[in-house]
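Student: Here it is, the structure, as structure tokens.
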Amino acid sequence: MFAIVEIAGLQYKVEQDQKLFVNRLKGDKGAKVSFDKVLLTVNGSTTVGAPAVSGITVDAEILDHVKADKVIVFKKKRRKGYEKKNGHRQSLTQIQITGITGFDGAKKTAKKETAKTESTEAKTVKAEPKAEKAAPKAEKTSAPVAGDAATVNFSEDHELNYLLQKHGMSESAENRKVLVEMGKECKEKEGKRVLSTEIFDAFIAENIDRLTPKN
């Protein structure tokens, strides 16, 4: 005998006397808790909830409040001087399942729910011919956009300076304006809203005479 139950926003498969860790629950050590959002039960026969099985509850006892192992979260942006490191320990509660109750009342409720489901299915079958006439519209798909590391951000002066330096050009305000104009032209030429560094580098090389070289 086991059940699938939702506890603190997550689903668990539980059995009698089982110990498990769940997201932090309210209550002290030794406190009794119960969960009534049971999605599925198996006790000789399988009962599936719609969405929950009526009349079934999972009873448990709080054993301890603990914290999970530390998880390191590290973020970095290339060429932007941004680095950030954080650590996180999730708050957990250890519980022990003391019982799964309510199976007698659930059998009667399950028969009623089965009858309702059958009548609903019959109505759905009659309505299906009308649904077939309305063909689903084709979903619009868009090409994936490359990540920040592979695209050109024309609003960042330091990134424009990097491109100018790479092509041996002066890092002047005038040259940056020219790069922005060239970016618009390249987007129109390629038919894209975002330019990869590789494509724009090639466009700069073709129009290098528009830029002022270093003194």
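Chain lettering (A, B, ...) mirrors the order of the structure tokens, residue numbering begins at 1 for each chain separately, and ligand numbering begins at 1 in order of display.
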Pull the closest atom pair for each residue of segment 149-168 of chain A that gets at most 10 Å from segment 197-208 of chain A, along with the distance in Å to one decimal, counting only C-alpha atoms, ordering rows by chain and then ascending residue number, as a tab-separated table.
Tutor:
residue	atom	partner	partner_atom	distance
A:Ala149	CA	A:Thr197	CA	8.7
A:Ala150	CA	A:Thr197	CA	5.8
A:Thr151	CA	A:Thr197	CA	5.3
A:Val152	CA	A:Thr197	CA	5.7
A:Asn153	CA	A:Thr197	CA	9.5
A:Leu163	CA	A:Asp201	CA	7.8
A:Leu164	CA	A:Ile204	CA	9.3
A:Lys166	CA	A:Asp201	CA	9.2
A:His167	CA	A:Ala205	CA	7.9
A:Gly168	CA	A:Ile208	CA	9.9
Student: Do you know which residues are at most 10 Å from Phe154 of chain A counting only C-alpha atoms, after dropping those on the same chain fewer than 6 positions away, and could you put them as a list in words?
Tutor: Leu160, Arg176, Lys177, Leu179, Val180, Glu181, Gly183, Lys184 and Leu195 of chain A
Student: Please determine, counting only C-alpha atoms, which residue among A:Lys192, A:Lys19, A:Arg210, A:His65 has the shortest atom-to-atom distance to Thr98 of chain A.
Tutor: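 Of A:Lys192, A:Lys19, A:Arg210, A:His65, the one nearest Thr98 of chain A, counting only C-alpha atoms, is A:Lys19.
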Student: Between atom CA of Thr101 of chain A and atom CA of Val48 of chain A, what distance in Å does the model show, to one decimal?
Tutor: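 Here the two named atoms are 15.7 Å from each other.
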Student: Have a look at A:Lys76, A:Lys32, A:Arg24, A:Lys67 and name the one nearest to Thr93 of chain A; count only C-alpha atoms.
Tutor: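 Of A:Lys76, A:Lys32, A:Arg24, A:Lys67, the one nearest Thr93 of chain A, counting only C-alpha atoms, is A:Arg24.
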Student: What's the 7 Å shell around Asn175 of chain A, counting only C-alpha atoms, without same-chain residues fewer than 4 positions away, as a PyMOL selection string?
Tutor: chain A and resi 170-171+179+211-212
Student: Store the residues picked out above, limited to all heavy atoms, as a CSV table (one decimal), in the first residue's frame.
Tutor:
chain,number,residue,atom,x,y,z
A,170,SER,N,40.6,53.5,-33.8
A,170,SER,CA,40.6,54.4,-32.6
A,170,SER,C,39.3,54.2,-31.8
A,170,SER,O,38.2,54.1,-32.4
A,170,SER,CB,40.7,55.9,-33.1
A,170,SER,OG,40.5,56.8,-32.0
A,171,GLU,N,39.5,54.3,-30.5
A,171,GLU,CA,38.3,54.1,-29.6
A,171,GLU,C,37.7,55.4,-29.3
A,171,GLU,O,37.5,55.8,-28.1
A,171,GLU,CB,38.8,53.4,-28.3
A,171,GLU,CG,39.4,52.0,-28.6
A,171,GLU,CD,40.0,51.4,-27.3
A,171,GLU,OE1,39.6,51.8,-26.2
A,171,GLU,OE2,40.8,50.5,-27.4
A,179,LEU,N,30.0,52.6,-35.6
A,179,LEU,CA,29.7,51.2,-35.4
A,179,LEU,C,28.2,51.0,-35.2
A,179,LEU,O,27.6,50.0,-35.7
A,179,LEU,CB,30.4,50.7,-34.2
A,179,LEU,CG,31.9,50.3,-34.4
A,179,LEU,CD1,32.5,49.7,-33.1
A,179,LEU,CD2,32.1,49.3,-35.5
A,211,LEU,N,35.9,53.8,-40.8
A,211,LEU,CA,36.4,54.0,-39.4
A,211,LEU,C,37.8,54.7,-39.4
A,211,LEU,O,38.6,54.5,-40.3
A,211,LEU,CB,36.5,52.7,-38.6
A,211,LEU,CG,35.2,51.9,-38.5
A,211,LEU,CD1,35.5,50.5,-37.9
A,211,LEU,CD2,34.3,52.7,-37.5
A,212,THR,N,38.0,55.4,-38.3
A,212,THR,CA,39.3,56.1,-38.2
A,212,THR,C,40.3,55.3,-37.5
A,212,THR,O,40.0,54.8,-36.3
A,212,THR,CB,39.1,57.5,-37.5
A,212,THR,OG1,38.1,58.2,-38.1
A,212,THR,CG2,40.4,58.2,-37.4
Student: Might you pull out every residue within 8 Å of Lys13 of chain A, with only C-alpha atoms counted and same-chain residues fewer than 6 positions away left off, and present them as a list in words?
Tutor: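 The residues satisfying every condition are Phe2, Ala3, Ile4 and Val5 of chain A.
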Student: What would the file look like if the residues just selected were written as a compact mmCIF listing (two decimals), in the first residue's frame with N, CA and C atoms?
Tutor:
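Now in result04.txt:
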# COMPACT_ATOMS: atom_id res chain seq x y z
N PHE A 2 0.61 2.14 -0.94
CA PHE A 2 1.33 3.40 -0.95
C PHE A 2 0.44 4.48 -1.56
N ALA A 3 0.90 5.72 -1.48
CA ALA A 3 0.13 6.85 -2.00
C ALA A 3 1.09 7.88 -2.57
N ILE A 4 0.59 8.65 -3.52
CA ILE A 4 1.30 9.82 -4.03
C ILE A 4 0.63 11.04 -3.43
N VAL A 5 1.37 11.81 -2.64
CA VAL A 5 0.80 12.93 -1.90
C VAL A 5 1.61 14.19 -2.16
Student: Please indicate the distance in Å from atom CA of His88 of chain A to atom CA of Asp69 of chain A, rounded to one decimal place.
Tutor: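 Pair atom CA of His88 of chain A / atom CA of Asp69 of chain A returns 8.3 Å.
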